[in-house]
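File shown: final15.txt. Contents: compact mmCIF, C-alpha atoms.
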```
# COMPACT_ATOMS: atom_id res chain seq x y z
CA MET K 30 -31.47 1.12 123.92
CA ILE K 31 -35.21 0.80 123.47
CA ASP K 32 -34.88 2.14 119.93
CA ILE K 33 -32.72 -0.83 119.00
CA LEU K 34 -35.27 -3.24 120.48
CA ILE K 35 -38.10 -1.56 118.55
CA ALA K 36 -36.05 -1.65 115.32
CA ILE K 37 -35.30 -5.37 115.70
CA LEU K 38 -38.91 -6.29 116.51
CA SER K 39 -40.38 -4.24 113.67
CA THR K 40 -37.84 -5.63 111.19
CA ILE K 41 -38.70 -9.22 112.09
CA GLY K 42 -42.40 -8.41 111.86
CA ALA K 43 -42.11 -6.69 108.49
CA PHE K 44 -40.08 -9.57 107.03
CA ALA K 45 -42.60 -12.11 108.35
CA ILE K 46 -45.40 -10.24 106.57
CA PHE K 47 -43.26 -9.98 103.42
CA PHE K 48 -42.59 -13.74 103.41
CA ALA K 49 -46.30 -14.38 103.90
CA SER K 50 -47.15 -12.30 100.85
CA LEU K 51 -44.37 -13.98 98.86
CA GLY K 52 -45.80 -17.36 99.91
CA ILE K 53 -49.34 -16.51 98.87
CA LEU K 54 -48.05 -15.45 95.49
CA ARG K 55 -45.63 -18.32 94.79
CA MET K 56 -47.06 -21.44 96.46
CA PRO K 57 -48.56 -23.94 93.97
CA ASP K 58 -51.67 -24.99 95.89
CA PHE K 59 -54.51 -23.46 97.90
CA TYR K 60 -53.72 -25.47 101.04
CA LEU K 61 -50.03 -24.58 100.97
CA ARG K 62 -50.93 -20.92 100.53
CA LEU K 63 -53.27 -21.13 103.53
CA SER K 64 -50.64 -22.77 105.72
CA VAL K 65 -48.04 -20.13 104.83
CA THR K 66 -50.15 -17.03 105.21
CA VAL K 67 -51.97 -17.51 108.49
CA LYS K 68 -48.93 -18.28 110.64
CA ALA K 69 -46.61 -15.70 109.14
CA ALA K 70 -49.16 -12.89 109.05
CA THR K 71 -50.24 -13.49 112.65
CA MET K 72 -46.62 -13.41 113.83
CA GLY K 73 -45.77 -10.31 111.78
CA VAL K 74 -48.76 -8.21 112.81
CA GLY K 75 -48.32 -9.40 116.40
CA LEU K 76 -44.74 -8.15 116.48
CA LEU K 77 -45.69 -4.80 114.93
CA LEU K 78 -48.43 -4.34 117.51
CA LEU K 79 -45.95 -5.26 120.24
CA CYS K 80 -43.76 -2.39 118.99
CA ALA K 81 -46.66 0.02 119.43
CA ALA K 82 -47.38 -1.41 122.89
CA ILE K 83 -43.78 -0.84 123.99
CA LEU K 84 -43.29 2.54 122.33
CA PHE K 85 -46.32 4.39 123.71
CA PRO K 86 -45.99 5.34 127.38
CA ASP K 87 -49.76 5.28 127.84
CA ILE K 88 -51.32 2.19 129.45
CA SER K 89 -54.48 2.36 127.32
CA VAL K 90 -52.56 1.94 124.07
CA SER K 91 -50.70 -1.08 125.43
CA THR K 92 -53.96 -2.65 126.54
CA LYS K 93 -55.53 -2.11 123.12
CA ALA K 94 -52.52 -3.51 121.27
CA ILE K 95 -52.36 -6.61 123.45
CA ALA K 96 -56.11 -7.07 123.02
CA ILE K 97 -55.70 -6.99 119.23
CA ILE K 98 -52.85 -9.55 119.42
CA PHE K 99 -54.99 -11.82 121.59
CA PHE K 100 -57.96 -11.49 119.23
CA LEU K 101 -55.81 -12.28 116.16
CA ILE K 102 -54.25 -15.32 117.81
CA ILE K 103 -57.66 -16.66 118.77
CA THR K 104 -59.61 -15.98 115.59
CA SER K 105 -57.21 -16.55 112.68
CA PRO K 106 -56.87 -20.36 113.14
CA ILE K 107 -60.67 -20.65 113.29
CA ALA K 108 -61.07 -18.69 110.07
CA ALA K 109 -58.32 -20.73 108.39
CA HIS K 110 -59.94 -23.99 109.48
CA MET K 111 -63.36 -22.94 108.17
CA ILE K 112 -62.10 -21.74 104.80
CA GLY K 113 -59.94 -24.85 104.41
CA ARG K 114 -62.91 -27.09 105.16
CA ALA K 115 -65.09 -25.21 102.67
CA ALA K 116 -62.36 -25.51 100.05
CA TYR K 117 -62.01 -29.26 100.61
CA LEU K 118 -65.76 -29.80 100.44
CA THR K 119 -66.12 -27.86 97.20
CA GLY K 120 -63.36 -29.92 95.63
CA THR K 121 -60.39 -27.61 95.33
CA PRO K 122 -57.66 -29.72 93.69
CA LEU K 123 -54.53 -30.70 95.57
CA TRP K 124 -51.05 -30.09 94.25
CA LYS K 125 -49.73 -32.87 91.99
CA GLY K 126 -46.79 -33.45 94.36
CA THR K 127 -49.03 -34.19 97.33
CA ILE K 128 -48.04 -37.55 98.86
CA ILE K 129 -51.06 -38.50 100.99
CA ASP K 130 -54.61 -37.21 101.39
CA GLU K 131 -55.82 -38.56 104.72
CA LEU K 132 -59.35 -37.23 104.26
CA ALA K 133 -59.93 -39.03 100.94
CA GLY K 134 -63.34 -40.72 100.98
CA ARG K 135 -64.09 -39.78 104.57
CA TYR K 136 -66.21 -36.71 103.99
CA ASP K 137 -69.83 -37.12 103.05
CA LYS K 138 -70.09 -34.63 100.19
CA GLU K 139 -73.82 -34.00 100.66
CA THR K 140 -74.03 -33.30 104.37
CA GLY K 141 -70.44 -32.33 105.11
CA VAL K 142 -70.12 -34.81 107.99
CA LEU K 143 -66.79 -36.46 108.77
CA ASN K 144 -67.60 -40.14 109.25
CA ASN K 145 -64.84 -41.39 111.51
CA GLU K 146 -66.71 -44.17 113.26
CA GLU K 147 -67.92 -45.95 110.13
CA SER K 148 -64.44 -46.19 108.73
CA GLU K 149 -63.18 -47.55 112.04
CA GLU K 150 -65.90 -50.21 112.02
CA GLN K 151 -64.84 -51.35 108.59
CA GLN K 152 -61.22 -50.93 109.65
CA GLY K 153 -59.12 -53.04 107.28
CA ASP K 154 -60.22 -52.13 103.81
CA PRO K 155 -60.34 -48.31 103.68
CA ALA K 156 -56.99 -47.90 105.41
CA LYS K 157 -55.30 -50.37 103.09
CA GLY K 158 -56.93 -48.73 100.12
CA GLN K 159 -55.65 -45.32 101.16
CA ILE K 160 -52.08 -46.48 101.66
CA ALA K 161 -52.10 -48.39 98.39
CA GLU K 162 -53.44 -45.35 96.54
CA SER K 163 -50.85 -43.07 98.04
CA GLU K 164 -48.01 -45.44 97.18
CA GLU K 165 -49.23 -45.64 93.62
CA GLU K 166 -49.32 -41.88 93.48
CA THR K 167 -45.79 -41.57 94.79
CA LYS K 168 -44.49 -43.99 92.16
CA MET F 14 -30.60 7.12 111.70
CA THR F 15 -33.56 7.77 113.91
CA LEU F 16 -36.46 5.44 114.44
CA ALA F 17 -38.84 7.70 112.52
CA THR F 18 -36.83 7.58 109.30
CA TYR F 19 -36.36 3.84 109.77
CA PHE F 20 -40.13 3.38 109.90
CA ASP F 21 -40.65 5.71 106.95
CA TYR F 22 -38.03 4.37 104.59
CA PHE F 23 -37.78 0.68 105.50
CA ILE F 24 -40.83 -0.77 107.27
CA LEU F 25 -43.61 0.99 105.39
CA PRO F 26 -42.20 0.22 101.89
CA ILE F 27 -41.88 -3.47 102.79
CA LEU F 28 -45.52 -3.54 103.91
CA THR F 29 -46.59 -1.72 100.76
CA ILE F 30 -44.77 -4.20 98.51
CA SER F 31 -46.43 -7.02 100.47
CA VAL F 32 -49.89 -5.57 99.82
CA ILE F 33 -49.09 -5.29 96.10
CA LEU F 34 -47.94 -8.93 95.92
CA VAL F 35 -51.08 -10.14 97.70
CA PHE F 36 -53.20 -8.01 95.37
CA ILE F 37 -51.74 -9.86 92.37
CA ARG F 38 -52.98 -13.12 93.92
CA LEU F 39 -56.37 -11.47 94.58
CA VAL F 40 -56.70 -10.56 90.92
CA LYS F 41 -55.52 -13.84 89.38
CA GLY F 42 -56.61 -16.40 91.99
CA PRO F 43 -57.96 -19.44 90.17
CA LYS F 44 -60.78 -20.13 92.66
CA VAL F 45 -62.98 -18.15 95.00
CA VAL F 46 -61.25 -19.50 98.14
CA ASP F 47 -57.89 -18.12 96.95
CA ARG F 48 -59.46 -14.69 96.67
CA VAL F 49 -61.00 -15.00 100.12
CA ILE F 50 -57.69 -15.72 101.84
CA ALA F 51 -55.99 -13.00 99.79
CA LEU F 52 -58.60 -10.50 101.01
CA ASP F 53 -58.12 -11.72 104.57
CA LEU F 54 -54.35 -11.25 104.30
CA ILE F 55 -54.76 -7.75 102.82
CA ILE F 56 -56.89 -6.71 105.79
CA THR F 57 -54.37 -8.25 108.21
CA ILE F 58 -51.48 -6.35 106.60
CA GLY F 59 -53.67 -3.26 106.79
CA ILE F 60 -53.76 -3.68 110.56
CA GLY F 61 -49.96 -3.62 110.55
CA ILE F 62 -49.84 -0.49 108.39
CA ILE F 63 -52.33 1.24 110.69
CA THR F 64 -50.13 0.31 113.65
CA ILE F 65 -47.01 1.82 112.07
CA PHE F 66 -48.99 4.92 111.11
CA THR F 67 -50.23 5.18 114.69
CA ILE F 68 -46.64 5.17 115.94
CA ARG F 69 -45.51 7.72 113.35
CA SER F 70 -48.36 10.19 113.78
CA ASN F 71 -48.71 9.84 117.56
CA GLN F 72 -52.49 9.52 117.28
CA LYS F 73 -53.48 6.66 119.50
CA VAL F 74 -57.15 6.85 118.48
CA LEU F 75 -56.27 5.07 115.24
CA LEU F 76 -55.80 1.75 117.02
CA ASP F 77 -59.59 1.52 117.36
CA VAL F 78 -59.77 1.21 113.58
CA ALA F 79 -57.37 -1.73 113.82
CA ILE F 80 -59.67 -3.48 116.29
CA ILE F 81 -62.66 -3.04 113.98
CA LEU F 82 -60.64 -4.26 110.98
CA ALA F 83 -59.58 -7.42 112.83
CA LEU F 84 -63.23 -8.10 113.65
CA ILE F 85 -64.32 -7.51 110.04
CA ALA F 86 -61.58 -9.80 108.67
CA PHE F 87 -62.63 -12.68 110.89
CA LEU F 88 -66.35 -12.26 110.28
CA SER F 89 -65.99 -11.89 106.50
CA THR F 90 -63.84 -15.02 106.21
CA VAL F 91 -66.27 -17.07 108.27
CA ALA F 92 -69.26 -15.78 106.30
CA PHE F 93 -67.57 -16.45 102.96
CA SER F 94 -66.68 -20.00 103.95
CA PHE F 95 -70.21 -20.63 105.22
CA TYR F 96 -71.81 -19.56 101.95
CA ILE F 97 -69.18 -21.22 99.73
CA GLU F 98 -69.93 -24.47 101.52
CA LYS F 99 -73.68 -24.01 101.02
CA ARG F 100 -73.39 -23.24 97.31
CA GLU F 101 -74.68 -25.92 94.97
CA ASP F 102 -72.71 -25.51 91.75
CA ASP F 103 -68.89 -25.20 91.40
```
Kindly transcribe the structure held in the file into structure tokens.
Amino acid sequence: MIDILIAILSTIGAFAIFFASLGILRMPDFYLRLSVTVKAATMGVGLLLLCAAILFPDISVSTKAIAIIFFLIITSPIAAHMIGRAAYLTGTPLWKGTIIDELAGRYDKETGVLNNEESEEQQGDPAKGQIAESEEETK
Amino acid sequence: MTLATYFDYFILPILTISVILVFIRLVKGPKVVDRVIALDLIITIGIGIITIFTIRSNQKVLLDVAIILALIAFLSTVAFSFYIEKREDD
């Protein structure tokens, strides 16, 4: 009975990792690659570690495996956010099919500060400009 | 079919093919950030392979290596992004 459970969990985990690697190879853009890999790899490795936590009868192994799952779930979004921010600041190009870039013109390229308040003070013009640009791009 | 042969002949080959596919992206990635996330994903898949190997060889000490690898993956990605952001040219 528990063998079937372990087989199902490990199969789902292995296929999640496989789809993550397929996504990082085939996606057209850095940001799409990032969004595919982090979620799928965290889920896949989490399920494989859950297999080890169930299969070993020892309590120390289960504690270690759950600690690794917890650590991965906490740290991988932070790493993905930081590398995505660095990529946007250094000007990695978006895919040509991208519809809207909500951060366009909001980052100060020199200091890396996101100026939300200034754009809200000016309100009308930047928002209209963004929507107009995106509609032109979609046409 | 026992669980051991299932791990040996189905799960481990899938993980190995995944590492090879990610390695292609690591070699041909057009920018540095692509290579950084490819390296991060290789280390994360390595944690999965270590886990399966721990189950197959019944050596529970090997999970400590997985903890250290998770730590190294996070720290290396954060350090890479910090210094890529600080870099002048590109």
Contact set, chain K to chain F: 6 Å, only C-alpha atoms, as number ranges by chain: K: 47, 50, 54, 74, 108, 112, 115
Atom pair atom CA of K:Ile53 / atom CA of F:Leu52: separation (Å): 11.2 Å
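We find atom CA of K:Ile97 and atom CA of K:Ala109 to be spaced 17.7 Å apart.
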Point-to-point distance in Å for atom CA of K:Thr71 and atom CA of K:Ala45: 8.9 Å
Within 10 Å of K:Ala96 using only C-alpha atoms, minus same-chain residues under 6 positions, as an MDAnalysis selection string: (chainID K and resid 78 90 102) or (chainID F and resid 80)
Any chance you could export the current selection's C-alpha atoms as an mmCIF file, in the coordinates of the input?
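Okay, this is what ended up in out-v7.cif:
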```cif
data_model
loop_
_atom_site.group_PDB
_atom_site.id
_atom_site.type_symbol
_atom_site.label_atom_id
_atom_site.label_comp_id
_atom_site.auth_asym_id
_atom_site.auth_seq_id
_atom_site.Cartn_x
_atom_site.Cartn_y
_atom_site.Cartn_z
ATOM 1 C CA LEU K 78 -48.430 -4.340 117.510
ATOM 2 C CA VAL K 90 -52.560 1.940 124.070
ATOM 3 C CA ILE K 102 -54.250 -15.320 117.810
ATOM 4 C CA ILE F 80 -59.670 -3.480 116.290
#
```
Within 8 Å of K:Ala82 using all atoms listed in the file, minus same-chain residues under 3 positions, as a PyMOL selection string: chain K and resi 78-79+85+90-92+94-95
